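Next up, structure18.txt (compact mmCIF, N, CA and C atoms):
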# COMPACT_ATOMS: atom_id res chain seq x y z
N MET A 4 0.86 -1.18 0.00
CA MET A 4 0.00 0.00 0.00
C MET A 4 0.90 1.24 0.00
N ASN A 5 0.63 2.15 -0.93
CA ASN A 5 1.46 3.34 -1.03
C ASN A 5 1.04 4.42 -0.03
N LEU A 6 1.84 5.47 0.08
CA LEU A 6 1.61 6.51 1.09
C LEU A 6 0.26 7.23 0.93
N PRO A 7 -0.14 7.63 -0.28
CA PRO A 7 -1.44 8.28 -0.40
C PRO A 7 -2.60 7.39 0.08
N ASN A 8 -2.54 6.10 -0.21
CA ASN A 8 -3.59 5.20 0.26
C ASN A 8 -3.57 5.06 1.78
N LYS A 9 -2.38 5.06 2.37
CA LYS A 9 -2.28 5.01 3.83
C LYS A 9 -2.89 6.25 4.45
N LEU A 10 -2.65 7.41 3.83
CA LEU A 10 -3.23 8.65 4.34
C LEU A 10 -4.76 8.61 4.24
N THR A 11 -5.28 8.03 3.19
CA THR A 11 -6.73 7.89 3.04
C THR A 11 -7.29 6.99 4.14
N VAL A 12 -6.62 5.88 4.41
CA VAL A 12 -7.07 4.97 5.47
C VAL A 12 -7.02 5.67 6.83
N ILE A 13 -5.98 6.45 7.06
CA ILE A 13 -5.89 7.21 8.32
C ILE A 13 -7.08 8.16 8.43
N ARG A 14 -7.43 8.82 7.34
CA ARG A 14 -8.57 9.75 7.35
C ARG A 14 -9.87 9.02 7.66
N VAL A 15 -10.03 7.83 7.10
CA VAL A 15 -11.23 7.04 7.39
C VAL A 15 -11.26 6.65 8.87
N LEU A 16 -10.11 6.31 9.44
CA LEU A 16 -10.05 5.92 10.85
C LEU A 16 -10.24 7.11 11.80
N LEU A 17 -9.96 8.31 11.32
CA LEU A 17 -10.18 9.50 12.15
C LEU A 17 -11.66 9.83 12.32
N VAL A 18 -12.49 9.35 11.39
CA VAL A 18 -13.93 9.63 11.47
C VAL A 18 -14.56 9.02 12.73
N PRO A 19 -14.37 7.71 13.02
CA PRO A 19 -14.94 7.19 14.26
C PRO A 19 -14.32 7.82 15.50
N LEU A 20 -13.05 8.22 15.42
CA LEU A 20 -12.42 8.90 16.54
C LEU A 20 -13.11 10.22 16.81
N LEU A 21 -13.45 10.94 15.76
CA LEU A 21 -14.17 12.20 15.91
C LEU A 21 -15.52 11.96 16.60
N ILE A 22 -16.21 10.90 16.21
CA ILE A 22 -17.50 10.58 16.83
C ILE A 22 -17.32 10.23 18.30
N LEU A 23 -16.30 9.44 18.62
CA LEU A 23 -16.06 9.05 20.02
C LEU A 23 -15.74 10.26 20.89
N VAL A 24 -14.92 11.16 20.38
CA VAL A 24 -14.58 12.35 21.16
C VAL A 24 -15.81 13.21 21.39
N TYR A 25 -16.69 13.28 20.40
CA TYR A 25 -17.92 14.07 20.55
C TYR A 25 -18.78 13.54 21.70
N MET A 26 -18.70 12.24 21.97
CA MET A 26 -19.54 11.64 23.01
C MET A 26 -18.97 11.83 24.41
N PHE A 27 -17.76 12.38 24.55
CA PHE A 27 -17.19 12.63 25.88
C PHE A 27 -17.93 13.77 26.57
N PRO A 28 -17.91 13.79 27.90
CA PRO A 28 -18.54 14.92 28.60
C PRO A 28 -17.81 16.23 28.29
N VAL A 29 -18.55 17.31 28.34
CA VAL A 29 -18.01 18.62 27.97
C VAL A 29 -17.41 19.28 29.21
N TYR A 30 -16.15 19.67 29.10
CA TYR A 30 -15.47 20.43 30.14
C TYR A 30 -15.11 21.79 29.57
N HIS A 31 -15.63 22.83 30.18
CA HIS A 31 -15.36 24.18 29.67
C HIS A 31 -14.02 24.69 30.18
N ILE A 32 -13.39 25.49 29.35
CA ILE A 32 -12.06 26.01 29.67
C ILE A 32 -12.20 27.44 30.20
N LEU A 33 -11.78 27.65 31.42
CA LEU A 33 -11.71 28.99 32.02
C LEU A 33 -12.99 29.81 31.88
N ASP A 34 -14.10 29.26 32.24
CA ASP A 34 -15.39 29.97 32.22
C ASP A 34 -15.74 30.57 30.85
N THR A 35 -15.36 29.90 29.78
CA THR A 35 -15.71 30.37 28.44
C THR A 35 -16.69 29.38 27.81
N ASP A 36 -17.16 29.73 26.63
CA ASP A 36 -18.07 28.85 25.91
C ASP A 36 -17.32 27.77 25.13
N ILE A 37 -16.00 27.85 25.13
CA ILE A 37 -15.18 26.89 24.40
C ILE A 37 -14.93 25.68 25.29
N SER A 38 -15.24 24.50 24.77
CA SER A 38 -15.01 23.29 25.55
C SER A 38 -13.81 22.54 25.01
N LEU A 39 -13.22 21.73 25.86
CA LEU A 39 -12.06 20.92 25.47
C LEU A 39 -12.44 19.94 24.37
N VAL A 40 -13.65 19.40 24.43
CA VAL A 40 -14.12 18.46 23.40
C VAL A 40 -14.16 19.15 22.03
N ASN A 41 -14.64 20.38 21.99
CA ASN A 41 -14.72 21.11 20.72
C ASN A 41 -13.32 21.34 20.14
N ILE A 42 -12.36 21.64 20.99
CA ILE A 42 -11.00 21.87 20.52
C ILE A 42 -10.41 20.57 19.96
N ILE A 43 -10.63 19.46 20.65
CA ILE A 43 -10.12 18.17 20.18
C ILE A 43 -10.77 17.78 18.85
N ILE A 44 -12.07 18.01 18.73
CA ILE A 44 -12.77 17.73 17.47
C ILE A 44 -12.18 18.58 16.35
N LEU A 45 -11.92 19.85 16.63
CA LEU A 45 -11.33 20.73 15.62
C LEU A 45 -9.95 20.23 15.20
N VAL A 46 -9.13 19.81 16.13
CA VAL A 46 -7.80 19.30 15.81
C VAL A 46 -7.89 18.03 14.95
N ILE A 47 -8.80 17.13 15.30
CA ILE A 47 -8.98 15.91 14.51
C ILE A 47 -9.40 16.26 13.09
N PHE A 48 -10.33 17.20 12.95
CA PHE A 48 -10.80 17.60 11.62
C PHE A 48 -9.66 18.23 10.82
N ILE A 49 -8.87 19.06 11.46
CA ILE A 49 -7.75 19.71 10.76
C ILE A 49 -6.72 18.67 10.32
N VAL A 50 -6.39 17.73 11.20
CA VAL A 50 -5.43 16.67 10.84
C VAL A 50 -5.97 15.86 9.66
N ALA A 51 -7.24 15.51 9.69
CA ALA A 51 -7.84 14.75 8.60
C ALA A 51 -7.81 15.55 7.30
N SER A 52 -8.07 16.84 7.38
CA SER A 52 -8.05 17.68 6.18
C SER A 52 -6.64 17.80 5.62
N ILE A 53 -5.66 17.88 6.49
CA ILE A 53 -4.26 17.94 6.03
C ILE A 53 -3.87 16.63 5.34
N THR A 54 -4.32 15.49 5.87
CA THR A 54 -4.02 14.22 5.20
C THR A 54 -4.68 14.17 3.83
N ASP A 55 -5.84 14.78 3.69
CA ASP A 55 -6.51 14.83 2.40
C ASP A 55 -5.67 15.63 1.40
N TYR A 56 -5.16 16.76 1.85
CA TYR A 56 -4.33 17.60 0.98
C TYR A 56 -3.08 16.85 0.51
N PHE A 57 -2.35 16.27 1.47
CA PHE A 57 -1.11 15.59 1.11
C PHE A 57 -1.36 14.30 0.34
N ASP A 58 -2.47 13.65 0.61
CA ASP A 58 -2.84 12.44 -0.13
C ASP A 58 -2.92 12.76 -1.63
N GLY A 59 -3.68 13.77 -1.97
CA GLY A 59 -3.83 14.14 -3.38
C GLY A 59 -2.55 14.66 -4.00
N ARG A 60 -1.84 15.48 -3.26
CA ARG A 60 -0.61 16.07 -3.78
C ARG A 60 0.45 15.00 -4.07
N ILE A 61 0.64 14.09 -3.12
CA ILE A 61 1.64 13.04 -3.30
C ILE A 61 1.23 12.09 -4.43
N ALA A 62 -0.06 11.73 -4.46
CA ALA A 62 -0.52 10.79 -5.49
C ALA A 62 -0.31 11.36 -6.89
N ARG A 63 -0.59 12.65 -7.07
CA ARG A 63 -0.43 13.24 -8.40
C ARG A 63 1.04 13.47 -8.75
N SER A 64 1.82 13.96 -7.79
CA SER A 64 3.21 14.30 -8.11
C SER A 64 4.06 13.06 -8.34
N LYS A 65 3.81 11.98 -7.62
CA LYS A 65 4.61 10.76 -7.75
C LYS A 65 3.92 9.72 -8.63
N LYS A 66 2.78 10.11 -9.22
CA LYS A 66 2.02 9.21 -10.10
C LYS A 66 1.67 7.90 -9.38
N LEU A 67 1.15 8.03 -8.18
CA LEU A 67 0.75 6.87 -7.36
C LEU A 67 -0.77 6.72 -7.32
N ILE A 68 -1.42 7.08 -8.39
CA ILE A 68 -2.88 7.00 -8.46
C ILE A 68 -3.28 5.54 -8.64
N THR A 69 -4.15 5.05 -7.73
CA THR A 69 -4.57 3.65 -7.78
C THR A 69 -6.09 3.57 -7.86
N THR A 70 -6.59 2.40 -8.20
CA THR A 70 -8.03 2.18 -8.22
C THR A 70 -8.62 2.34 -6.82
N PHE A 71 -7.91 1.82 -5.82
CA PHE A 71 -8.37 1.98 -4.44
C PHE A 71 -8.46 3.45 -4.07
N GLY A 72 -7.45 4.22 -4.44
CA GLY A 72 -7.44 5.65 -4.13
C GLY A 72 -8.56 6.40 -4.81
N LYS A 73 -8.84 6.04 -6.06
CA LYS A 73 -9.93 6.69 -6.78
C LYS A 73 -11.28 6.45 -6.11
N PHE A 74 -11.43 5.28 -5.50
CA PHE A 74 -12.68 4.94 -4.83
C PHE A 74 -12.71 5.46 -3.39
N ALA A 75 -11.63 5.20 -2.64
CA ALA A 75 -11.63 5.46 -1.20
C ALA A 75 -11.46 6.93 -0.85
N ASP A 76 -10.70 7.68 -1.63
CA ASP A 76 -10.45 9.08 -1.29
C ASP A 76 -11.73 9.91 -1.26
N PRO A 77 -12.56 9.88 -2.31
CA PRO A 77 -13.80 10.65 -2.23
C PRO A 77 -14.74 10.14 -1.13
N LEU A 78 -14.73 8.83 -0.91
CA LEU A 78 -15.56 8.26 0.14
C LEU A 78 -15.12 8.76 1.52
N ALA A 79 -13.81 8.78 1.75
CA ALA A 79 -13.28 9.28 3.03
C ALA A 79 -13.62 10.76 3.21
N ASP A 80 -13.53 11.53 2.14
CA ASP A 80 -13.88 12.95 2.21
C ASP A 80 -15.34 13.14 2.61
N LYS A 81 -16.20 12.39 1.98
CA LYS A 81 -17.64 12.50 2.28
C LYS A 81 -17.94 12.07 3.71
N MET A 82 -17.31 10.98 4.14
CA MET A 82 -17.53 10.51 5.51
C MET A 82 -17.12 11.59 6.51
N LEU A 83 -15.95 12.16 6.30
CA LEU A 83 -15.45 13.18 7.22
C LEU A 83 -16.36 14.40 7.25
N ASN A 84 -16.73 14.89 6.09
CA ASN A 84 -17.57 16.09 6.03
C ASN A 84 -18.96 15.85 6.59
N MET A 85 -19.55 14.71 6.27
CA MET A 85 -20.90 14.43 6.78
C MET A 85 -20.90 14.29 8.30
N VAL A 86 -19.92 13.59 8.85
CA VAL A 86 -19.85 13.44 10.31
C VAL A 86 -19.60 14.80 10.95
N ALA A 87 -18.75 15.61 10.35
CA ALA A 87 -18.49 16.95 10.91
C ALA A 87 -19.78 17.78 10.92
N PHE A 88 -20.56 17.72 9.86
CA PHE A 88 -21.82 18.45 9.83
C PHE A 88 -22.80 17.94 10.89
N VAL A 89 -22.87 16.63 11.05
CA VAL A 89 -23.77 16.06 12.06
C VAL A 89 -23.33 16.48 13.47
N VAL A 90 -22.03 16.54 13.70
CA VAL A 90 -21.52 17.01 14.99
C VAL A 90 -21.89 18.47 15.20
N LEU A 91 -21.80 19.28 14.15
CA LEU A 91 -22.19 20.69 14.28
C LEU A 91 -23.67 20.83 14.61
N VAL A 92 -24.49 19.95 14.06
CA VAL A 92 -25.91 19.96 14.43
C VAL A 92 -26.07 19.58 15.90
N GLY A 93 -25.33 18.57 16.34
CA GLY A 93 -25.40 18.14 17.73
C GLY A 93 -24.94 19.21 18.70
N LEU A 94 -24.01 20.05 18.26
CA LEU A 94 -23.52 21.14 19.10
C LEU A 94 -24.40 22.39 18.98
N HIS A 95 -25.45 22.32 18.18
CA HIS A 95 -26.39 23.43 17.96
C HIS A 95 -25.69 24.64 17.34
N VAL A 96 -24.76 24.36 16.43
CA VAL A 96 -24.06 25.42 15.72
C VAL A 96 -24.74 25.69 14.37
N VAL A 97 -25.24 24.64 13.75
CA VAL A 97 -25.84 24.73 12.43
C VAL A 97 -27.24 24.11 12.50
N PRO A 98 -28.22 24.71 11.81
CA PRO A 98 -29.56 24.12 11.84
C PRO A 98 -29.61 22.79 11.07
N MET A 99 -30.44 21.88 11.56
CA MET A 99 -30.52 20.55 10.98
C MET A 99 -30.97 20.59 9.52
N TRP A 100 -31.89 21.47 9.18
CA TRP A 100 -32.40 21.50 7.81
C TRP A 100 -31.29 21.85 6.82
N ALA A 101 -30.35 22.71 7.21
CA ALA A 101 -29.25 23.08 6.32
C ALA A 101 -28.32 21.88 6.08
N VAL A 102 -28.04 21.15 7.14
CA VAL A 102 -27.18 19.97 7.02
C VAL A 102 -27.88 18.89 6.20
N ALA A 103 -29.17 18.74 6.37
CA ALA A 103 -29.92 17.75 5.59
C ALA A 103 -29.83 18.07 4.10
N ILE A 104 -29.94 19.33 3.75
CA ILE A 104 -29.83 19.72 2.34
C ILE A 104 -28.43 19.42 1.80
N ILE A 105 -27.41 19.73 2.58
CA ILE A 105 -26.03 19.50 2.14
C ILE A 105 -25.77 18.00 1.97
N ILE A 106 -26.21 17.20 2.93
CA ILE A 106 -25.97 15.75 2.85
C ILE A 106 -26.73 15.15 1.67
N CYS A 107 -27.96 15.56 1.46
CA CYS A 107 -28.73 15.05 0.31
C CYS A 107 -28.06 15.43 -1.00
N ARG A 108 -27.55 16.64 -1.09
CA ARG A 108 -26.86 17.07 -2.30
C ARG A 108 -25.61 16.22 -2.53
N GLU A 109 -24.83 16.00 -1.49
CA GLU A 109 -23.62 15.18 -1.61
C GLU A 109 -23.95 13.76 -2.08
N LEU A 110 -24.99 13.18 -1.50
CA LEU A 110 -25.38 11.82 -1.90
C LEU A 110 -25.88 11.80 -3.35
N ALA A 111 -26.60 12.83 -3.75
CA ALA A 111 -27.11 12.89 -5.13
C ALA A 111 -25.97 13.01 -6.11
N VAL A 112 -24.99 13.87 -5.83
CA VAL A 112 -23.84 14.04 -6.72
C VAL A 112 -23.05 12.74 -6.80
N THR A 113 -22.84 12.09 -5.67
CA THR A 113 -22.11 10.82 -5.66
C THR A 113 -22.86 9.76 -6.46
N GLY A 114 -24.17 9.70 -6.28
CA GLY A 114 -24.98 8.75 -7.04
C GLY A 114 -24.93 8.99 -8.52
N LEU A 115 -24.93 10.25 -8.93
CA LEU A 115 -24.85 10.57 -10.36
C LEU A 115 -23.48 10.20 -10.94
N ARG A 116 -22.44 10.34 -10.15
CA ARG A 116 -21.10 9.97 -10.63
C ARG A 116 -20.95 8.47 -10.83
N LEU A 117 -21.67 7.70 -10.00
CA LEU A 117 -21.59 6.25 -10.15
C LEU A 117 -22.32 5.81 -11.39
File written out as structure tokens:
Amino acid sequence: MNLPNKLTVIRVLLVPLLILVYMFPVYHILDTDISLVNIIILVIFIVASITDYFDGRIARSKKLITTFGKFADPLADKMLNMVAFVVLVGLHVVPMWAVAIIICRELAVTGLRL
């Protein structure tokens, strides 16, 4: 398995970690509205996004494009984004109807590509 595919697998594995961290109790930092759980979720999302960037860059520059990568990379991206949106709904940051529209659009575009 080449490096871009490993980065894709890491991104897929970060999705359940993001969900698990979301389920931890919320501890607020210094009497602010910012919780430690939110910061950890943000860090996980940023790390996953960085792996997405380097995955594509390395695969194109070193010509390591594989059938697995063509299938798994977009799937990992969708999983990460959809879970992040659902977490934002759970945190009452984004209204549910907006996330429902975004998720339905993503599924429709993916279905049309298949």
Subject >> One-decimal distance in Å that lies between atom CA of A:Leu23 and atom CA of A:Thr35 >> reply: 22.9 Å
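Each of A:Leu83, A:Val96, A:Ile53, A:Leu78 was compared to A:Val18 using all atoms listed in the file, and A:Leu83 turns out to be the nearest.
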Subject >> Atom pair atom C of A:Pro77 / atom CA of A:Tyr56: separation (Å) >> reply: 13.0 Å
Original post:
From the list A:Thr11, A:Asn41, A:Asn84, A:Thr70, which residue is nearest A:Asp55 when using only C-alpha atoms?
Top reply: A:Thr11
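Atom pair atom N of A:Ala103 / atom N of A:Ile13 has a distance of 26.3 Å (rounded to one decimal).
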Original post:
For A:Asp58, which residue among A:Arg116, A:Lys9, A:His31, A:Arg108 is the nearest when counting all atoms listed in the file?
Top reply: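 That would be A:Lys9, the residue with the smallest distance to A:Asp58.
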